[in-house]
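Peer 1: My structure is stored as entry.cif, with mmCIF, C-alpha atoms.
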data_input
#
loop_
_atom_site.label_atom_id
_atom_site.label_comp_id
_atom_site.auth_asym_id
_atom_site.auth_seq_id
_atom_site.Cartn_x
_atom_site.Cartn_y
_atom_site.Cartn_z
CA MET A 196 4.68 5.27 9.81
CA ARG A 197 7.49 7.12 11.60
CA LEU A 198 9.49 3.89 12.03
CA THR A 199 12.79 5.66 11.34
CA ALA A 200 14.17 9.17 11.62
CA PRO A 201 17.26 9.25 9.38
CA SER A 202 19.69 12.08 9.98
CA VAL A 203 20.32 12.50 6.27
CA LEU A 204 17.88 12.12 3.38
CA VAL A 205 19.10 11.81 -0.22
CA ASP A 206 16.67 12.36 -3.09
CA LEU A 207 17.53 10.05 -6.01
CA ALA A 208 14.86 11.44 -8.36
CA ASP A 209 17.33 13.17 -10.70
CA LEU A 210 19.41 10.02 -11.32
CA SER A 211 17.94 9.20 -14.74
CA ASP A 212 20.09 6.03 -15.05
CA LEU A 213 17.90 4.50 -12.35
CA SER A 214 14.73 4.85 -14.42
CA GLY A 215 13.45 2.93 -17.41
CA ILE A 216 12.32 -0.43 -18.72
CA GLU A 217 14.19 -2.41 -21.38
CA VAL A 218 14.22 -5.99 -22.59
CA ARG A 219 17.42 -7.68 -23.70
CA ALA A 220 18.27 -11.34 -24.28
CA GLY A 221 15.16 -12.65 -22.56
CA VAL A 222 15.50 -10.41 -19.50
CA VAL A 223 13.42 -7.36 -18.63
CA ARG A 224 15.51 -4.80 -16.75
CA ILE A 225 13.61 -2.22 -14.70
CA GLY A 226 15.36 0.71 -13.05
CA ALA A 227 14.65 1.15 -9.36
CA MET A 228 13.22 4.66 -9.79
CA THR A 229 10.69 3.59 -12.43
CA THR A 230 7.27 4.40 -11.01
CA GLN A 231 4.60 1.77 -10.49
CA ALA A 232 2.42 3.83 -12.89
CA GLU A 233 5.11 3.61 -15.61
CA CYS A 234 5.39 -0.14 -15.04
CA ALA A 235 1.60 -0.55 -15.16
CA SER A 236 1.37 1.20 -18.54
CA SER A 237 4.51 -0.38 -20.04
CA PRO A 238 3.85 -2.41 -23.22
CA ILE A 239 7.05 -4.39 -22.48
CA ILE A 240 5.79 -5.50 -19.07
CA ARG A 241 2.31 -6.21 -20.40
CA ALA A 242 3.74 -8.44 -23.16
CA GLN A 243 6.71 -10.10 -21.42
CA LEU A 244 5.60 -10.17 -17.76
CA PRO A 245 1.78 -10.41 -17.72
CA LEU A 246 1.88 -11.58 -14.09
CA MET A 247 3.56 -8.35 -13.04
CA HIS A 248 1.12 -6.32 -15.15
CA GLU A 249 -1.84 -8.03 -13.48
CA ALA A 250 -0.43 -7.65 -9.96
CA LEU A 251 0.33 -3.94 -10.43
CA SER A 252 -3.39 -3.19 -10.58
CA PHE A 253 -3.53 -4.31 -6.92
CA VAL A 254 -0.75 -1.93 -5.84
CA ALA A 255 -2.54 0.88 -3.98
CA HIS A 256 -4.33 3.40 -6.23
CA PRO A 257 -3.47 5.32 -9.41
CA VAL A 258 -2.40 8.46 -7.53
CA VAL A 259 -0.07 6.50 -5.24
CA ARG A 260 1.37 4.61 -8.23
CA ASN A 261 2.36 7.96 -9.76
CA ARG A 262 4.97 8.43 -7.01
CA GLY A 263 5.69 4.90 -5.80
CA THR A 264 8.62 3.15 -7.46
CA ILE A 265 9.43 -0.47 -8.16
CA GLY A 266 12.70 -0.17 -6.27
CA GLY A 267 10.87 1.37 -3.33
CA SER A 268 8.37 -1.50 -3.24
CA LEU A 269 11.21 -4.04 -3.15
CA ALA A 270 13.60 -2.26 -0.78
CA HIS A 271 10.74 -1.58 1.65
CA GLY A 272 10.04 -5.33 1.82
CA ASP A 273 6.49 -5.21 3.15
CA PRO A 274 5.28 -8.81 3.56
CA ALA A 275 1.81 -7.77 2.34
CA ALA A 276 3.02 -5.94 -0.80
CA GLU A 277 2.58 -7.42 -4.25
CA MET A 278 5.89 -6.73 -6.00
CA PRO A 279 8.10 -8.84 -3.69
CA VAL A 280 5.85 -11.85 -4.35
CA VAL A 281 5.96 -11.22 -8.11
CA MET A 282 9.76 -10.94 -8.13
CA VAL A 283 10.24 -14.21 -6.23
CA ALA A 284 7.62 -15.90 -8.42
CA LEU A 285 9.38 -14.88 -11.63
CA GLY A 286 12.90 -15.64 -10.39
CA ALA A 287 14.08 -12.04 -10.59
CA THR A 288 17.54 -10.84 -9.64
CA ILE A 289 17.96 -7.71 -7.54
CA ARG A 290 20.94 -5.54 -8.54
CA ALA A 291 22.52 -3.43 -5.80
CA THR A 292 25.53 -1.16 -5.68
CA GLY A 293 27.48 0.18 -2.73
CA PRO A 294 30.95 1.07 -1.48
CA ALA A 295 32.09 -2.54 -2.08
CA GLY A 296 30.85 -2.51 -5.69
CA GLU A 297 27.91 -4.08 -7.49
CA ARG A 298 26.27 -7.36 -6.60
CA SER A 299 23.32 -9.48 -7.62
CA ILE A 300 20.88 -10.96 -5.12
CA PRO A 301 18.27 -13.55 -6.16
CA ALA A 302 14.80 -12.29 -5.17
CA ALA A 303 14.25 -15.54 -3.23
CA GLU A 304 17.15 -14.52 -0.93
CA PHE A 305 16.44 -10.78 -0.86
CA PHE A 306 13.45 -10.65 1.50
CA ILE A 307 14.60 -11.82 4.92
CA GLY A 308 11.93 -10.50 7.29
CA PRO A 309 9.20 -7.90 7.73
CA LEU A 310 10.43 -4.62 6.19
CA THR A 311 13.91 -6.20 6.12
CA THR A 312 15.97 -7.10 3.05
CA ALA A 313 19.47 -8.37 2.24
CA LEU A 314 20.55 -4.82 1.31
CA ALA A 315 23.55 -3.81 3.41
CA PRO A 316 23.89 -0.35 4.96
CA GLY A 317 25.24 1.95 2.24
CA GLU A 318 23.87 -0.17 -0.59
CA VAL A 319 21.38 1.15 -3.14
CA LEU A 320 18.99 -1.03 -5.11
CA THR A 321 19.63 0.06 -8.72
CA HIS A 322 17.77 -2.37 -10.98
CA VAL A 323 15.77 -5.55 -11.03
CA ASP A 324 16.34 -8.10 -13.81
CA ILE A 325 13.34 -10.33 -14.52
CA PRO A 326 13.48 -13.27 -16.94
CA VAL A 327 10.70 -13.20 -19.51
CA GLN A 328 8.08 -15.32 -17.85
CA ARG A 329 7.67 -19.02 -18.54
CA GLY A 330 4.20 -20.52 -18.94
CA THR A 331 0.89 -18.88 -18.10
CA TRP A 332 0.20 -17.16 -14.80
CA ALA A 333 -2.60 -15.83 -12.65
CA PHE A 334 -2.57 -13.50 -9.63
CA GLU A 335 -5.27 -13.55 -6.97
CA GLU A 336 -5.65 -11.32 -3.93
CA VAL A 337 -8.10 -10.69 -1.10
CA SER A 338 -7.95 -7.39 0.76
CA ARG A 339 -10.42 -5.43 2.88
CA ARG A 340 -10.81 -2.80 0.15
CA HIS A 341 -9.34 -2.82 -3.36
CA GLY A 342 -5.91 -1.19 -3.21
CA ASP A 343 -5.30 -2.02 0.44
CA PHE A 344 -2.41 -4.23 1.44
CA ALA A 345 -3.31 -7.86 0.86
CA LEU A 346 -4.77 -10.13 3.52
CA VAL A 347 -3.60 -12.98 1.29
CA MET A 348 -2.29 -13.15 -2.26
CA ALA A 349 -1.31 -15.97 -4.56
CA ALA A 350 0.64 -16.15 -7.83
CA VAL A 351 0.58 -19.36 -9.83
CA GLY A 352 2.52 -20.18 -13.01
CA LEU A 353 1.97 -23.31 -15.08
CA ASP A 354 3.61 -24.78 -18.15
CA ILE A 355 1.21 -27.34 -19.56
CA GLN A 356 2.47 -29.81 -22.18
CA SER A 357 0.13 -32.35 -23.83
CA GLY A 358 -2.55 -31.75 -21.18
CA LYS A 359 -0.22 -32.33 -18.22
CA ILE A 360 1.52 -29.88 -15.92
CA ASP A 361 5.18 -29.92 -16.94
CA TRP A 362 6.24 -27.14 -14.55
CA ALA A 363 4.53 -25.22 -11.76
CA ARG A 364 5.38 -22.30 -9.52
CA VAL A 365 3.16 -21.35 -6.55
CA LEU A 366 3.87 -18.25 -4.44
CA LEU A 367 1.91 -16.84 -1.52
CA GLY A 368 2.14 -13.42 0.09
CA ALA A 369 0.95 -11.74 3.31
CA VAL A 370 0.91 -15.10 5.10
CA SER A 371 4.43 -14.89 6.54
CA ASP A 372 7.22 -12.37 7.10
CA ARG A 373 8.29 -12.73 3.43
CA PRO A 374 7.00 -14.28 0.18
CA VAL A 375 6.42 -18.02 0.59
CA ARG A 376 7.01 -20.58 -2.14
CA ALA A 377 4.54 -23.44 -1.75
CA HIS A 378 6.74 -26.41 -2.65
CA ASP A 379 4.10 -28.94 -1.55
CA ALA A 380 1.55 -27.37 -3.88
CA GLU A 381 4.05 -27.43 -6.76
CA ALA A 382 4.72 -31.13 -6.08
CA ALA A 383 0.97 -31.79 -6.08
CA LEU A 384 0.73 -30.23 -9.54
CA ALA A 385 3.77 -31.78 -11.22
CA GLY A 386 2.86 -34.26 -13.94
CA ARG A 387 -0.87 -34.04 -13.23
CA PRO A 388 -3.62 -33.29 -15.71
CA ILE A 389 -5.27 -29.94 -15.09
CA ASP A 390 -8.69 -30.34 -13.51
CA ALA A 391 -10.70 -29.22 -10.50
CA ALA A 392 -9.46 -32.10 -8.33
CA THR A 393 -5.81 -31.32 -9.03
CA ALA A 394 -6.42 -27.65 -8.25
CA ARG A 395 -8.15 -28.48 -4.99
CA THR A 396 -5.42 -30.89 -3.87
CA ALA A 397 -2.73 -28.32 -4.62
CA GLY A 398 -4.67 -25.54 -2.87
CA ASP A 399 -5.03 -27.72 0.23
CA ALA A 400 -1.31 -28.53 0.11
CA ALA A 401 -0.46 -24.83 -0.11
CA SER A 402 -2.53 -23.87 2.92
CA LYS A 403 -1.43 -26.84 5.07
CA GLY A 404 2.13 -25.61 5.45
CA LEU A 405 1.15 -22.10 6.53
CA ASN A 406 0.99 -20.54 9.97
CA PRO A 407 -0.08 -16.94 9.27
CA SER A 408 -0.34 -14.48 12.13
CA SER A 409 -3.57 -12.83 13.25
CA ASP A 410 -4.10 -9.07 13.34
CA ILE A 411 -6.98 -6.60 13.43
CA HIS A 412 -7.69 -7.27 9.72
CA ALA A 413 -8.00 -11.06 9.77
CA SER A 414 -7.27 -14.13 11.86
CA GLY A 415 -4.45 -16.48 10.95
CA GLN A 416 -6.97 -19.28 10.45
CA TYR A 417 -8.93 -17.17 7.96
CA ARG A 418 -5.76 -16.30 6.06
CA ARG A 419 -4.76 -19.97 5.85
CA GLN A 420 -8.14 -20.95 4.48
CA VAL A 421 -8.21 -18.09 1.96
CA ALA A 422 -4.69 -18.99 0.81
CA GLY A 423 -5.87 -22.44 -0.26
CA VAL A 424 -8.87 -21.00 -2.09
CA LEU A 425 -6.78 -18.39 -3.91
CA VAL A 426 -4.20 -20.99 -4.99
CA ARG A 427 -7.00 -23.18 -6.35
CA ARG A 428 -8.56 -20.27 -8.26
CA ALA A 429 -5.20 -19.12 -9.60
CA ILE A 430 -4.34 -22.63 -10.84
CA LEU A 431 -7.58 -22.89 -12.78
CA ARG A 432 -7.24 -19.40 -14.22
CA ALA A 433 -3.55 -19.86 -15.12
CA ALA A 434 -4.48 -23.14 -16.85
CA GLY A 435 -7.10 -21.41 -18.95
CA GLY A 436 -5.04 -18.33 -19.65
CA THR A 437 -3.07 -17.34 -22.70
CA LYS A 438 0.63 -16.71 -22.66
CA MET B 105 13.08 26.45 3.18
CA ASP B 106 13.05 23.72 5.83
CA VAL B 107 14.18 20.69 3.82
CA ARG B 108 12.04 18.32 5.89
CA ILE B 109 8.72 20.14 5.37
CA THR B 110 6.22 18.21 3.26
CA LEU B 111 4.79 19.77 0.12
CA ALA B 112 1.37 19.75 1.79
CA ASP B 113 2.54 21.64 4.88
CA TRP B 114 4.51 24.07 2.74
CA LEU B 115 1.48 24.84 0.56
CA ARG B 116 -0.76 25.37 3.57
CA ASP B 117 1.53 26.98 6.14
CA GLU B 118 4.05 28.90 4.02
CA LEU B 119 2.00 29.82 0.96
CA GLN B 120 -1.31 29.99 2.89
CA LEU B 121 -2.95 27.92 0.16
CA THR B 122 -5.29 26.10 2.53
CA GLY B 123 -7.55 24.66 -0.16
CA THR B 124 -5.35 21.54 -0.02
CA LYS B 125 -6.47 19.52 3.01
CA LEU B 126 -4.60 17.06 5.21
CA GLY B 127 -6.56 14.04 6.43
CA CYS B 128 -4.46 11.02 7.25
CA GLU B 129 -0.97 12.41 6.50
CA HIS B 130 0.24 9.00 5.31
CA GLY B 131 -1.06 8.59 1.81
CA VAL B 132 -4.33 6.81 2.45
CA CYS B 133 -7.13 9.39 2.25
CA GLY B 134 -6.28 11.45 -0.84
CA ALA B 135 -7.43 14.80 0.60
CA CYS B 136 -4.02 16.39 -0.08
CA THR B 137 -3.86 15.41 -3.77
CA VAL B 138 -2.27 18.04 -6.02
CA LEU B 139 -0.85 17.96 -9.55
CA VAL B 140 2.93 17.88 -9.99
CA ASP B 141 3.89 18.33 -13.65
CA GLY B 142 0.33 17.32 -14.52
CA LYS B 143 0.31 14.08 -12.50
CA ALA B 144 -1.91 13.65 -9.45
CA VAL B 145 0.18 12.91 -6.35
CA ARG B 146 -0.17 12.94 -2.57
CA SER B 147 1.37 16.18 -1.33
CA CYS B 148 1.76 14.65 2.15
CA LEU B 149 4.07 11.98 0.73
CA MET B 150 6.67 14.26 -0.83
CA LEU B 151 8.91 16.94 0.53
CA ALA B 152 8.52 20.50 -0.71
CA VAL B 153 12.15 20.51 -1.91
CA GLN B 154 11.36 17.57 -4.19
CA ALA B 155 8.98 19.87 -6.06
CA GLY B 156 11.82 22.24 -7.00
CA GLY B 157 11.59 23.26 -10.66
CA ARG B 158 8.28 21.49 -11.14
CA SER B 159 4.84 22.86 -11.92
CA ILE B 160 2.37 22.53 -9.02
CA LEU B 161 -1.37 22.92 -9.46
CA THR B 162 -3.61 23.11 -6.40
CA VAL B 163 -7.38 23.52 -6.14
CA GLU B 164 -6.86 27.30 -5.97
CA GLY B 165 -5.55 27.16 -9.55
CA LEU B 166 -8.51 25.39 -11.10
CA SER B 167 -10.48 28.53 -11.88
CA ALA B 168 -10.34 32.31 -11.67
CA GLN B 169 -11.58 33.88 -8.44
CA SER B 170 -15.29 33.42 -7.71
CA SER B 171 -15.89 31.31 -10.79
CA LEU B 172 -16.11 27.54 -11.16
CA ASN B 173 -14.61 25.41 -13.91
CA PRO B 174 -16.78 22.72 -15.56
CA LEU B 175 -15.66 20.00 -13.14
CA GLN B 176 -16.32 22.20 -10.10
CA SER B 177 -19.73 23.19 -11.53
CA ALA B 178 -20.58 19.53 -12.04
CA PHE B 179 -19.68 18.79 -8.40
CA GLN B 180 -22.07 21.57 -7.36
CA LYS B 181 -24.83 20.45 -9.72
CA HIS B 182 -24.67 16.79 -8.64
CA HIS B 183 -24.20 17.48 -4.92
CA ALA B 184 -20.84 15.70 -5.10
CA LEU B 185 -19.81 17.14 -1.75
CA GLN B 186 -21.30 17.68 1.66
CA CYS B 187 -18.77 18.74 4.28
CA GLY B 188 -16.24 19.53 1.56
CA PHE B 189 -13.12 18.29 3.32
CA CYS B 190 -12.25 15.73 0.65
CA THR B 191 -13.39 17.85 -2.29
CA ALA B 192 -10.10 19.50 -3.24
CA GLY B 193 -8.45 16.08 -3.39
CA PHE B 194 -11.23 14.65 -5.54
CA LEU B 195 -11.13 17.65 -7.89
CA MET B 196 -7.38 17.34 -8.40
CA THR B 197 -7.49 13.55 -8.86
CA CYS B 198 -10.31 13.92 -11.39
CA THR B 199 -8.62 16.84 -13.19
CA ALA B 200 -5.54 14.72 -13.94
CA PHE B 201 -7.72 11.72 -14.77
CA LEU B 202 -9.89 13.63 -17.28
CA ASN B 203 -6.81 15.19 -18.87
CA ASP B 204 -5.49 11.68 -19.56
CA ASN B 205 -8.85 10.11 -20.35
CA PRO B 206 -11.48 12.73 -21.36
CA HIS B 207 -14.26 10.19 -22.02
CA PRO B 208 -13.98 7.46 -19.38
CA THR B 209 -16.50 4.74 -18.60
CA LYS B 210 -18.10 4.66 -15.16
CA VAL B 211 -15.89 1.69 -14.26
CA GLU B 212 -12.83 3.76 -15.14
CA ILE B 213 -14.16 6.67 -13.06
CA ARG B 214 -14.59 4.36 -10.06
CA GLU B 215 -11.04 3.07 -10.45
CA ALA B 216 -9.70 6.63 -10.81
CA ILE B 217 -11.23 7.84 -7.54
CA SER B 218 -10.60 4.62 -5.62
CA GLY B 219 -7.73 6.24 -3.72
CA ASN B 220 -9.78 9.16 -2.36
CA LEU B 221 -11.93 8.77 0.73
CA CYS B 222 -15.25 10.59 1.21
CA ARG B 223 -17.36 10.04 4.33
CA CYS B 224 -20.43 12.05 3.24
CA THR B 225 -21.56 11.34 -0.30
CA GLY B 226 -21.25 7.60 -0.71
CA TYR B 227 -19.30 8.42 -3.91
CA GLN B 228 -22.27 8.00 -6.25
CA THR B 229 -22.80 11.72 -6.77
CA ILE B 230 -19.06 12.21 -7.35
CA ILE B 231 -19.16 9.57 -10.07
CA GLU B 232 -22.21 11.31 -11.57
CA ALA B 233 -20.40 14.66 -11.59
CA VAL B 234 -17.35 13.23 -13.35
CA ALA B 235 -19.57 11.33 -15.78
CA ASP B 236 -21.36 14.60 -16.60
CA VAL B 237 -18.08 16.33 -17.46
CA ALA B 238 -17.02 13.24 -19.42
CA GLY B 239 -20.11 13.63 -21.58
CA HIS B 240 -22.28 10.79 -20.33
CA ALA B 241 -25.75 11.63 -21.62
CA GLU B 242 -27.69 10.23 -18.65
CA ALA B 243 -25.61 12.29 -16.21
CA ARG B 244 -26.28 15.45 -18.25
CA GLN B 245 -30.03 15.13 -17.87
CA GLN B 246 -30.03 15.04 -14.07
#
Would you mind writing the file out in structure tokens?

Peer 2:
Amino acid sequence: MRLTAPSVLVDLADLSDLSGIEVRAGVVRIGAMTTQAECASSPIIRAQLPLMHEALSFVAHPVVRNRGTIGGSLAHGDPAAEMPVVMVALGATIRATGPAGERSIPAAEFFIGPLTTALAPGEVLTHVDIPVQRGTWAFEEVSRRHGDFALVMAAVGLDIQSGKIDWARVLLGAVSDRPVRAHDAEAALAGRPIDAATARTAGDAASKGLNPSSDIHASGQYRRQVAGVLVRRAILRAAGGTK
Amino acid sequence: MDVRITLADWLRDELQLTGTKLGCEHGVCGACTVLVDGKAVRSCLMLAVQAGGRSILTVEGLSAQSSLNPLQSAFQKHHALQCGFCTAGFLMTCTAFLNDNPHPTKVEIREAISGNLCRCTGYQTIIEAVADVAGHAEARQQ
């Protein structure tokens, strides 16, 4: 997009420490240089982070996923990209290293604006640590064509105990300058039985707090309406899903 | 070598391998797809220096001069091209895909080519050509 013209480019491809997927003590650690294709075919991610596995199928196309990396998706910070939403949804921690040493940044504090993250100049995103996911999840997205950046996306996680929602997480993407956690929708789900009325109420609550911008792809009003529908669908699918 | 030249420009301008086409030059259209160490990638989205020490296969390498390999023959047989601008990209995408998955379903074929744009064929004949190579009986008979 020719947004920047850096005077120096450094290719990190030969740093093998920055690549790979491992699970340890309930946390999946993914190296920044791991490609989206490697993540999509990883049995660890499929088993421990089904939400991420599902969302990866919406990340561009197979040929792009062969070169695109998880660290690139996160450090780029596109508001309409899937991986930032997934990382905030799952409570991931971004690991960065720089001249001042290593530090950890919660995903919820990492994305601070369009194409802007909490990474400081000189810092490199090295890994992302993702807790093995709680509950059952579903990911929904609407885009102009499959593989395009999302017009709206929603990720919903539910932990249902004895027929009632014990815990809920609702994330929306492409409706703001960063991933949006829908607290009102989560409150509308807490303690409720899972049914169509609950899903509709929570979907309405999710869309009410939004003020998405309009562009050539869709109006803000359309995005707000679709957000509510996707949250409703994701709730019902997450409720019927398996772990 | 100019360290800022893309692999696509280097193939076309330095090596004169102009079978690889450049459409959008930002990773959307798929016309510049080549194989790097057997994986299909956009040659407009990587620098030539990043290909150092790696094996590159372009459309020129699919068959010996003036002959067609089975995938190319199937494209011809099924009219899977019209103007031909996107064809090299489709051939390279499908070459990597069939290496990984020699007997795909039509749904898998559609997913595999979803990142390549064609403005002439409507894609159906491309899917038929790949299905033919993949051994689909109904595609064979056409």

Peer 1: Just give me the gap between atom CA of Arg224 of chain A and atom CA of Leu367 of chain A in Å, one decimal is fine.

Peer 2: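 Distance between the two atoms: 23.7 Å.
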
Peer 1: With all atoms listed in the file as the atoms that count, which of B:Arg158, B:His207, B:Lys181, B:Lys125 lies nearest to Val140 of chain B?

Peer 2: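 With all atoms listed in the file as the atom set, the closest residue is B:Arg158.
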
Peer 1: Residues of chain A within 10 Å of chain B, counting only C-alpha atoms, what are they? List them as a ChimeraX atom specification.

Peer 2: /A:196-197,204,206-209,252,255-263,340-343

Peer 1: For segment 356-362 of chain A, please output as a PDB file with C-alpha atoms, in the coordinates of the input all residues within 12 Å (counting only C-alpha atoms; exclusion window: fewer than 4 positions along the same chain).

Peer 2:
ATOM      1  CA  ARG A 329       7.670 -19.020 -18.540  1.00  0.00           C
ATOM      2  CA  GLY A 330       4.200 -20.520 -18.940  1.00  0.00           C
ATOM      3  CA  THR A 331       0.890 -18.880 -18.100  1.00  0.00           C
ATOM      4  CA  TRP A 332       0.200 -17.160 -14.800  1.00  0.00           C
ATOM      5  CA  VAL A 351       0.580 -19.360  -9.830  1.00  0.00           C
ATOM      6  CA  GLY A 352       2.520 -20.180 -13.010  1.00  0.00           C
ATOM      7  CA  HIS A 378       6.740 -26.410  -2.650  1.00  0.00           C
ATOM      8  CA  ALA A 380       1.550 -27.370  -3.880  1.00  0.00           C
ATOM      9  CA  GLU A 381       4.050 -27.430  -6.760  1.00  0.00           C
ATOM     10  CA  ALA A 382       4.720 -31.130  -6.080  1.00  0.00           C
ATOM     11  CA  ALA A 383       0.970 -31.790  -6.080  1.00  0.00           C
ATOM     12  CA  LEU A 384       0.730 -30.230  -9.540  1.00  0.00           C
ATOM     13  CA  ALA A 385       3.770 -31.780 -11.220  1.00  0.00           C
ATOM     14  CA  GLY A 386       2.860 -34.260 -13.940  1.00  0.00           C
ATOM     15  CA  ARG A 387      -0.870 -34.040 -13.230  1.00  0.00           C
ATOM     16  CA  PRO A 388      -3.620 -33.290 -15.710  1.00  0.00           C
ATOM     17  CA  ILE A 389      -5.270 -29.940 -15.090  1.00  0.00           C
ATOM     18  CA  ASP A 390      -8.690 -30.340 -13.510  1.00  0.00           C
ATOM     19  CA  THR A 393      -5.810 -31.320  -9.030  1.00  0.00           C
ATOM     20  CA  ALA A 394      -6.420 -27.650  -8.250  1.00  0.00           C
ATOM     21  CA  ILE A 430      -4.340 -22.630 -10.840  1.00  0.00           C
ATOM     22  CA  LEU A 431      -7.580 -22.890 -12.780  1.00  0.00           C
ATOM     23  CA  ALA A 433      -3.550 -19.860 -15.120  1.00  0.00           C
ATOM     24  CA  ALA A 434      -4.480 -23.140 -16.850  1.00  0.00           C
ATOM     25  CA  GLY A 435      -7.100 -21.410 -18.950  1.00  0.00           C
TER      26      GLY A 435
END

Peer 1: Written as a ChimeraX atom specification, what is the full residue list that the PyMOL selection byres ((chain B and resi 184-189) around 10) yields on the file shown?

Peer 2: /B:123-127,135-136,176-183,190-194,221-234

Peer 1: If you measure from atom CA of Val347 of chain A to atom CA of Glu249 of chain A, what distance in Å do you get, rounded to one decimal?

Peer 2: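 Between these atoms lies a distance of 15.7 Å.
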
Peer 1: Give me the residues near segment 304-312 of chain A as a list in words, where near means some atom within 9 Å (using all atoms listed in the file) and where sequence neighbours in that chain fewer than 5 positions away do not count.

Peer 2: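 So the residues in contact are Leu269, Ala270, His271, Gly272, Asp273, Pro274, Pro279, Val283, Thr288, Ile289, Ser371, Asp372, Arg373 and Pro374 of chain A.
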
Peer 1: Take the PyMOL selection byres ((chain B and resi 112-119) around 7), apply it to the structure above, and return the hits as a list in words.

Peer 2: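 Applied to this file, the PyMOL selection byres ((chain B and resi 112-119) around 7) returns Ile109, Thr110, Leu111, Gln120, Leu121, Thr122, Thr124, Cys136, Ser147, Cys148 and Ala152 of chain B.
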
Peer 1: What are the centre and edge lengths in Å, to one decimal, of the axis-aligned box around all listed atoms of segment 343-346 of chain A with 3 Å added on each side, as lines of an AutoDock Vina configuration file?

Peer 2:
center_x = -3.9
center_y = -6.1
center_z = 2.0
size_x = 8.9
size_y = 14.1
size_z = 9.1

Peer 1: For atom CA of Thr292 of chain A and atom CA of Gly226 of chain A, determine how far apart the two atoms are, in Å to one decimal place.

Peer 2: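 If I compute the distance from atom CA of Thr292 of chain A to atom CA of Gly226 of chain A, I get 12.7 Å.
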
Peer 1: Step by step, work through what the PyMOL selection byres ((chain A and resi 368) around 12) selects in the shown file, and finish by giving those residues as an NGL selection string.

Peer 2: :A and (250 or 272-284 or 306 or 309 or 334-338 or 344-351 or 365-367 or 369-377 or 401-402 or 405 or 407 or 418-419 or 421-422 or 425-426)
